[in-house]
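Next comes protein-v4.pdb, with PDB, C-alpha atoms.
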MODEL        1
ATOM      1  CA  MET A   1     -82.812 -24.081 -18.908  1.00  0.00           C
ATOM      2  CA  SER A   2     -82.135 -25.230 -15.410  1.00  0.00           C
ATOM      3  CA  SER A   3     -80.691 -23.089 -12.654  1.00  0.00           C
ATOM      4  CA  GLY A   4     -77.368 -24.973 -12.890  1.00  0.00           C
ATOM      5  CA  GLU A   5     -77.087 -24.312 -16.620  1.00  0.00           C
ATOM      6  CA  ASP A   6     -77.826 -20.591 -16.064  1.00  0.00           C
ATOM      7  CA  LYS A   7     -75.056 -20.351 -13.468  1.00  0.00           C
ATOM      8  CA  SER A   8     -72.647 -22.196 -15.759  1.00  0.00           C
ATOM      9  CA  GLN A   9     -73.466 -19.922 -18.688  1.00  0.00           C
ATOM     10  CA  LEU A  10     -73.103 -16.828 -16.477  1.00  0.00           C
ATOM     11  CA  TRP A  11     -69.740 -18.084 -15.218  1.00  0.00           C
ATOM     12  CA  ASP A  12     -68.593 -18.650 -18.849  1.00  0.00           C
ATOM     13  CA  TRP A  13     -69.514 -15.045 -19.711  1.00  0.00           C
ATOM     14  CA  ILE A  14     -67.680 -13.698 -16.651  1.00  0.00           C
ATOM     15  CA  LYS A  15     -64.536 -15.674 -17.584  1.00  0.00           C
ATOM     16  CA  ALA A  16     -64.696 -14.502 -21.234  1.00  0.00           C
ATOM     17  CA  ILE A  17     -65.090 -10.849 -20.216  1.00  0.00           C
ATOM     18  CA  GLY A  18     -62.289 -11.189 -17.646  1.00  0.00           C
ATOM     19  CA  ILE A  19     -59.911 -12.700 -20.212  1.00  0.00           C
ATOM     20  CA  ALA A  20     -60.804  -9.972 -22.750  1.00  0.00           C
ATOM     21  CA  LEU A  21     -60.086  -7.245 -20.171  1.00  0.00           C
ATOM     22  CA  ILE A  22     -56.744  -8.790 -19.226  1.00  0.00           C
ATOM     23  CA  LEU A  23     -55.752  -9.073 -22.899  1.00  0.00           C
ATOM     24  CA  ALA A  24     -56.785  -5.445 -23.545  1.00  0.00           C
ATOM     25  CA  LEU A  25     -54.704  -4.251 -20.590  1.00  0.00           C
ATOM     26  CA  LEU A  26     -51.665  -6.263 -21.728  1.00  0.00           C
ATOM     27  CA  ILE A  27     -51.950  -4.915 -25.289  1.00  0.00           C
ATOM     28  CA  LYS A  28     -52.218  -1.334 -23.999  1.00  0.00           C
ATOM     29  CA  LYS A  29     -49.311  -1.777 -21.582  1.00  0.00           C
ATOM     30  CA  PHE A  30     -46.852  -3.494 -23.925  1.00  0.00           C
ATOM     31  CA  LEU A  31     -47.895  -3.184 -27.580  1.00  0.00           C
ATOM     32  CA  PHE A  32     -50.057  -0.222 -28.612  1.00  0.00           C
ATOM     33  CA  GLU A  33     -51.523   2.943 -27.177  1.00  0.00           C
ATOM     34  CA  GLN A  34     -53.762   5.624 -28.607  1.00  0.00           C
ATOM     35  CA  TYR A  35     -53.026   9.347 -28.297  1.00  0.00           C
ATOM     36  CA  VAL A  36     -54.893  12.547 -29.088  1.00  0.00           C
ATOM     37  CA  VAL A  37     -52.691  15.376 -30.388  1.00  0.00           C
ATOM     38  CA  TYR A  38     -52.959  18.715 -28.599  1.00  0.00           C
ATOM     39  CA  GLY A  39     -51.090  21.574 -30.235  1.00  0.00           C
ATOM     40  CA  GLU A  40     -49.559  22.493 -33.561  1.00  0.00           C
ATOM     41  CA  SER A  41     -45.884  21.599 -33.114  1.00  0.00           C
ATOM     42  CA  MET A  42     -46.003  18.779 -35.689  1.00  0.00           C
ATOM     43  CA  MET A  43     -48.028  20.560 -38.379  1.00  0.00           C
ATOM     44  CA  PRO A  44     -48.514  19.898 -41.233  1.00  0.00           C
ATOM     45  CA  THR A  45     -47.559  16.231 -40.676  1.00  0.00           C
ATOM     46  CA  ILE A  46     -49.760  15.759 -37.608  1.00  0.00           C
ATOM     47  CA  GLU A  47     -52.471  18.270 -36.685  1.00  0.00           C
ATOM     48  CA  ASN A  48     -54.240  19.358 -33.516  1.00  0.00           C
ATOM     49  CA  GLY A  49     -57.035  16.881 -32.712  1.00  0.00           C
ATOM     50  CA  ASN A  50     -55.579  13.976 -34.729  1.00  0.00           C
ATOM     51  CA  ARG A  51     -55.887  10.598 -33.053  1.00  0.00           C
ATOM     52  CA  LEU A  52     -52.906   8.299 -33.339  1.00  0.00           C
ATOM     53  CA  ILE A  53     -51.881   4.729 -32.608  1.00  0.00           C
ATOM     54  CA  VAL A  54     -48.434   4.456 -31.042  1.00  0.00           C
ATOM     55  CA  ASN A  55     -46.477   1.228 -31.423  1.00  0.00           C
ATOM     56  CA  LYS A  56     -44.582   0.446 -28.217  1.00  0.00           C
ATOM     57  CA  LEU A  57     -42.992  -2.735 -29.558  1.00  0.00           C
ATOM     58  CA  GLY A  58     -39.245  -2.271 -29.883  1.00  0.00           C
ATOM     59  CA  TYR A  59     -39.291   1.066 -28.093  1.00  0.00           C
ATOM     60  CA  ASN A  60     -39.289  -0.719 -24.780  1.00  0.00           C
ATOM     61  CA  LEU A  61     -35.778  -1.665 -25.902  1.00  0.00           C
ATOM     62  CA  GLY A  62     -34.833   1.948 -26.781  1.00  0.00           C
ATOM     63  CA  LYS A  63     -34.315   1.542 -30.539  1.00  0.00           C
ATOM     64  CA  PRO A  64     -35.489   4.747 -32.280  1.00  0.00           C
ATOM     65  CA  LYS A  65     -34.381   5.553 -35.834  1.00  0.00           C
ATOM     66  CA  ARG A  66     -33.691   8.923 -37.415  1.00  0.00           C
ATOM     67  CA  PHE A  67     -36.859  10.744 -38.504  1.00  0.00           C
ATOM     68  CA  ASP A  68     -39.193   8.406 -36.568  1.00  0.00           C
ATOM     69  CA  LEU A  69     -42.193  10.204 -35.094  1.00  0.00           C
ATOM     70  CA  ILE A  70     -42.128   9.305 -31.417  1.00  0.00           C
ATOM     71  CA  VAL A  71     -44.149   9.957 -28.298  1.00  0.00           C
ATOM     72  CA  PHE A  72     -42.161  10.494 -25.104  1.00  0.00           C
ATOM     73  CA  HIS A  73     -42.755  11.548 -21.509  1.00  0.00           C
ATOM     74  CA  ALA A  74     -41.774  15.247 -21.528  1.00  0.00           C
ATOM     75  CA  ASN A  75     -42.561  15.645 -17.839  1.00  0.00           C
ATOM     76  CA  ALA A  76     -44.713  14.032 -15.150  1.00  0.00           C
ATOM     77  CA  LYS A  77     -47.966  15.324 -16.705  1.00  0.00           C
ATOM     78  CA  GLU A  78     -47.338  15.572 -20.466  1.00  0.00           C
ATOM     79  CA  ASP A  79     -46.297  13.380 -23.353  1.00  0.00           C
ATOM     80  CA  TYR A  80     -44.977  15.039 -26.530  1.00  0.00           C
ATOM     81  CA  ILE A  81     -44.899  13.880 -30.127  1.00  0.00           C
ATOM     82  CA  LYS A  82     -41.755  14.887 -32.028  1.00  0.00           C
ATOM     83  CA  ARG A  83     -39.459  13.703 -34.796  1.00  0.00           C
ATOM     84  CA  VAL A  84     -36.095  12.091 -33.986  1.00  0.00           C
ATOM     85  CA  ILE A  85     -33.396  14.234 -35.615  1.00  0.00           C
ATOM     86  CA  GLY A  86     -30.167  13.266 -33.868  1.00  0.00           C
ATOM     87  CA  MET A  87     -28.881   9.971 -32.535  1.00  0.00           C
ATOM     88  CA  PRO A  88     -26.217   9.140 -29.920  1.00  0.00           C
ATOM     89  CA  GLY A  89     -22.681  10.041 -31.009  1.00  0.00           C
ATOM     90  CA  GLU A  90     -23.786  12.693 -33.515  1.00  0.00           C
ATOM     91  CA  ARG A  91     -23.156  16.420 -33.818  1.00  0.00           C
ATOM     92  CA  ILE A  92     -26.196  18.419 -34.967  1.00  0.00           C
ATOM     93  CA  ALA A  93     -26.333  21.861 -36.578  1.00  0.00           C
ATOM     94  CA  TYR A  94     -28.771  23.919 -38.646  1.00  0.00           C
ATOM     95  CA  GLN A  95     -27.499  26.527 -41.026  1.00  0.00           C
ATOM     96  CA  ASN A  96     -29.537  28.382 -43.664  1.00  0.00           C
ATOM     97  CA  ASP A  97     -32.520  26.076 -43.051  1.00  0.00           C
ATOM     98  CA  ASN A  98     -30.452  22.931 -43.667  1.00  0.00           C
ATOM     99  CA  LEU A  99     -29.766  20.079 -41.252  1.00  0.00           C
ATOM    100  CA  TYR A 100     -26.154  18.987 -40.803  1.00  0.00           C
ATOM    101  CA  ILE A 101     -25.231  15.806 -38.979  1.00  0.00           C
ATOM    102  CA  ASN A 102     -21.515  15.357 -38.306  1.00  0.00           C
ATOM    103  CA  GLY A 103     -20.886  18.080 -40.892  1.00  0.00           C
ATOM    104  CA  LYS A 104     -22.877  16.383 -43.685  1.00  0.00           C
ATOM    105  CA  GLN A 105     -26.063  17.987 -45.043  1.00  0.00           C
ATOM    106  CA  ILE A 106     -29.103  15.723 -44.583  1.00  0.00           C
ATOM    107  CA  ASP A 107     -32.323  16.166 -46.575  1.00  0.00           C
ATOM    108  CA  GLU A 108     -35.627  16.507 -44.670  1.00  0.00           C
ATOM    109  CA  PRO A 109     -38.290  15.878 -47.349  1.00  0.00           C
ATOM    110  CA  TYR A 110     -41.133  15.886 -44.800  1.00  0.00           C
ATOM    111  CA  LEU A 111     -40.549  19.665 -44.424  1.00  0.00           C
ATOM    112  CA  ASN A 112     -40.866  20.531 -48.130  1.00  0.00           C
ATOM    113  CA  GLN A 113     -44.600  21.287 -47.941  1.00  0.00           C
ATOM    114  CA  TYR A 114     -44.114  23.514 -44.908  1.00  0.00           C
ATOM    115  CA  LYS A 115     -41.119  25.374 -46.362  1.00  0.00           C
ATOM    116  CA  LYS A 116     -43.207  26.311 -49.434  1.00  0.00           C
ATOM    117  CA  ASN A 117     -45.584  28.252 -47.174  1.00  0.00           C
ATOM    118  CA  ILE A 118     -42.873  30.343 -45.491  1.00  0.00           C
ATOM    119  CA  THR A 119     -43.081  33.867 -46.912  1.00  0.00           C
ATOM    120  CA  SER A 120     -39.915  35.236 -45.326  1.00  0.00           C
ATOM    121  CA  GLY A 121     -37.013  33.875 -43.315  1.00  0.00           C
ATOM    122  CA  ASN A 122     -36.268  30.265 -42.509  1.00  0.00           C
ATOM    123  CA  LEU A 123     -38.399  27.499 -41.043  1.00  0.00           C
ATOM    124  CA  THR A 124     -35.533  26.464 -38.739  1.00  0.00           C
ATOM    125  CA  GLY A 125     -33.246  29.057 -37.192  1.00  0.00           C
ATOM    126  CA  ASP A 126     -29.489  28.504 -37.177  1.00  0.00           C
ATOM    127  CA  PHE A 127     -28.050  26.684 -34.150  1.00  0.00           C
ATOM    128  CA  THR A 128     -25.571  24.016 -33.106  1.00  0.00           C
ATOM    129  CA  LEU A 129     -26.145  21.192 -30.650  1.00  0.00           C
ATOM    130  CA  GLU A 130     -23.669  22.779 -28.266  1.00  0.00           C
ATOM    131  CA  GLU A 131     -25.473  26.140 -28.352  1.00  0.00           C
ATOM    132  CA  VAL A 132     -28.845  24.657 -27.400  1.00  0.00           C
ATOM    133  CA  THR A 133     -27.843  21.769 -25.111  1.00  0.00           C
ATOM    134  CA  GLY A 134     -24.311  22.471 -23.945  1.00  0.00           C
ATOM    135  CA  GLN A 135     -23.234  19.111 -25.422  1.00  0.00           C
ATOM    136  CA  LYS A 136     -20.867  18.796 -28.398  1.00  0.00           C
ATOM    137  CA  VAL A 137     -22.110  15.282 -29.185  1.00  0.00           C
ATOM    138  CA  ILE A 138     -25.382  13.567 -28.311  1.00  0.00           C
ATOM    139  CA  PRO A 139     -24.572  11.210 -25.414  1.00  0.00           C
ATOM    140  CA  LYS A 140     -25.377   7.506 -25.329  1.00  0.00           C
ATOM    141  CA  GLY A 141     -29.001   6.832 -24.389  1.00  0.00           C
ATOM    142  CA  LYS A 142     -30.274  10.230 -25.634  1.00  0.00           C
ATOM    143  CA  VAL A 143     -31.845  11.607 -28.818  1.00  0.00           C
ATOM    144  CA  PHE A 144     -32.383  15.102 -30.215  1.00  0.00           C
ATOM    145  CA  VAL A 145     -36.003  15.721 -31.273  1.00  0.00           C
ATOM    146  CA  MET A 146     -37.821  18.516 -33.092  1.00  0.00           C
ATOM    147  CA  GLY A 147     -41.369  19.301 -34.147  1.00  0.00           C
ATOM    148  CA  ASP A 148     -42.034  19.713 -37.873  1.00  0.00           C
ATOM    149  CA  ASN A 149     -43.588  23.135 -37.206  1.00  0.00           C
ATOM    150  CA  ARG A 150     -40.182  24.510 -36.278  1.00  0.00           C
ATOM    151  CA  LEU A 151     -41.416  28.047 -35.621  1.00  0.00           C
ATOM    152  CA  HIS A 152     -43.927  26.846 -33.004  1.00  0.00           C
ATOM    153  CA  SER A 153     -42.440  23.759 -31.372  1.00  0.00           C
ATOM    154  CA  ILE A 154     -41.151  23.126 -27.875  1.00  0.00           C
ATOM    155  CA  ASP A 155     -38.497  20.511 -28.548  1.00  0.00           C
ATOM    156  CA  SER A 156     -34.865  19.624 -27.794  1.00  0.00           C
ATOM    157  CA  ARG A 157     -33.869  23.212 -28.542  1.00  0.00           C
ATOM    158  CA  HIS A 158     -35.845  24.156 -25.412  1.00  0.00           C
ATOM    159  CA  ILE A 159     -36.220  21.054 -23.228  1.00  0.00           C
ATOM    160  CA  GLY A 160     -32.879  19.424 -24.010  1.00  0.00           C
ATOM    161  CA  LEU A 161     -32.067  15.926 -25.140  1.00  0.00           C
ATOM    162  CA  VAL A 162     -34.637  13.172 -24.627  1.00  0.00           C
ATOM    163  CA  ASP A 163     -33.667  10.103 -22.628  1.00  0.00           C
ATOM    164  CA  MET A 164     -34.494   6.974 -24.637  1.00  0.00           C
ATOM    165  CA  LYS A 165     -36.011   5.452 -21.501  1.00  0.00           C
ATOM    166  CA  LYS A 166     -38.744   8.113 -21.696  1.00  0.00           C
ATOM    167  CA  ILE A 167     -39.809   7.122 -25.208  1.00  0.00           C
ATOM    168  CA  VAL A 168     -43.279   5.545 -25.210  1.00  0.00           C
ATOM    169  CA  GLY A 169     -43.189   4.413 -28.833  1.00  0.00           C
ATOM    170  CA  GLU A 170     -43.368   5.250 -32.524  1.00  0.00           C
ATOM    171  CA  VAL A 171     -46.424   6.801 -34.174  1.00  0.00           C
ATOM    172  CA  ASN A 172     -47.657   4.273 -36.768  1.00  0.00           C
ATOM    173  CA  LEU A 173     -51.212   5.259 -37.621  1.00  0.00           C
ATOM    174  CA  ARG A 174     -53.457   8.319 -37.762  1.00  0.00           C
ATOM    175  CA  TYR A 175     -57.050   7.081 -37.517  1.00  0.00           C
ATOM    176  CA  TRP A 176     -58.922  10.345 -36.909  1.00  0.00           C
ATOM    177  CA  PRO A 177     -60.222  12.234 -38.691  1.00  0.00           C
ATOM    178  CA  VAL A 178     -61.224   9.282 -40.864  1.00  0.00           C
ATOM    179  CA  LYS A 179     -60.620  11.213 -44.110  1.00  0.00           C
ATOM    180  CA  GLU A 180     -56.953  11.516 -43.034  1.00  0.00           C
ATOM    181  CA  LEU A 181     -56.566   7.823 -42.129  1.00  0.00           C
ATOM    182  CA  GLU A 182     -52.911   7.080 -42.825  1.00  0.00           C
ATOM    183  CA  VAL A 183     -50.133   4.673 -41.983  1.00  0.00           C
ATOM    184  CA  ILE A 184     -47.260   6.910 -40.890  1.00  0.00           C
ATOM    185  CA  LYS A 185     -43.775   5.948 -41.981  1.00  0.00           C
TER     186      LYS A 185
ENDMDL
END
Have the structure of the file written as structure tokens, please.
Amino acid sequence: MSSGEDKSQLWDWIKAIGIALILALLIKKFLFEQYVVYGESMMPTIENGNRLIVNKLGYNLGKPKRFDLIVFHANAKEDYIKRVIGMPGERIAYQNDNLYINGKQIDEPYLNQYKKNITSGNLTGDFTLEEVTGQKVIPKGKVFVMGDNRLHSIDSRHIGLVDMKKIVGEVNLRYWPVKELEVIK
């Protein structure tokens, strides 16, 4: 190969690597992000040390749905993973370990496994939205979130309502540990 061909081939490699890096940055910024879970607030659904893929698509528009698992900016240094329980315009209450939205009991099947392991008392203590947030109804642009491990979760009962603008995205995939590989719905 001549010196000119070597330079051309080198330049082609530099361009290909540059394009790949730009694409990777764009995907990370706008489409997907990976997270490592620290803590037990979402057990047994998500466990300490799990690695997750978070889908940002659609969440840039602030469109969460009830019971989505979301990641949001809790403060300047930490992101939390929690489950969306209440949506704008709703009244939330828990009574006798049952969720009530606008006075209607709503089933939470994702808690069944955890409730079976409770030896005494309730998984979720009684409260109303007004008691824990001072709001009678969830305002526009906010959601009420809780961890599945209700006895050991810092969530909207403690930190207040979550601004939809702080939502990073929805958890779609657990990829580590490999034996627990799962698409999360």
Discussion item. Residues within 9 Å of stretch 80-88 of chain A, please, as a PyMOL selection string. Count only C-alpha atoms; anything in the same chain fewer than 3 positions from it doesn't count.
Written reply: chain A and resi 37+41-42+64-74+91-92+99+101+137-148+153+155+171
Discussion item. Neighbouring residues of A:Gly121 were defined as those with any atom within 10 Å, considering all atoms listed in the file; residues of the same chain fewer than 3 positions away were excluded. Please report them as a PyMOL selection string.
Written reply: chain A and resi 96-97+115+118+124-125
Fill in: Separation of atom CA of A:Ile184 from atom CA of A:Asn172, in Å and rounded to one decimal
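Value for the atom CA of A:Ile184-atom CA of A:Asn172 distance: 4.9 Å.
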Discussion item. Just the number, please: distance in Å from atom CA of A:Asn55 to atom CA of A:Leu31, one decimal.
Written reply: 6.0 Å
Worksheet item: Using only C-alpha atoms, which residue out of A:Asn149, A:Thr45, A:Asn75, A:Gln34 lies closest to A:Asp163?
Response: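 The closest residue to A:Asp163 is A:Asn75.
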Discussion item. Using all atoms listed in the file for the distances, tell me which of A:Gly89, A:Leu173, A:Leu161, A:Asp6 is nearest to A:Phe32.
Written reply: A:Leu173
Worksheet item: What does the PyMOL selection byres ((chain A and resi 51) around 10) select in this file, as a ChimeraX atom specification?
Response: /A:34-38,46-50,52-54,173-178,181
Discussion item. For a test of reading the model, state the distance in Å between atom CA of A:Gly134 and atom CA of A:Tyr94, rounded to one decimal.
Written reply: 15.4 Å
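Among the candidates A:Leu151, A:Asn98, A:Met164, A:Lys77, the residue lying nearest to A:Asn112 is A:Asn98 (atoms considered: all atoms listed in the file).
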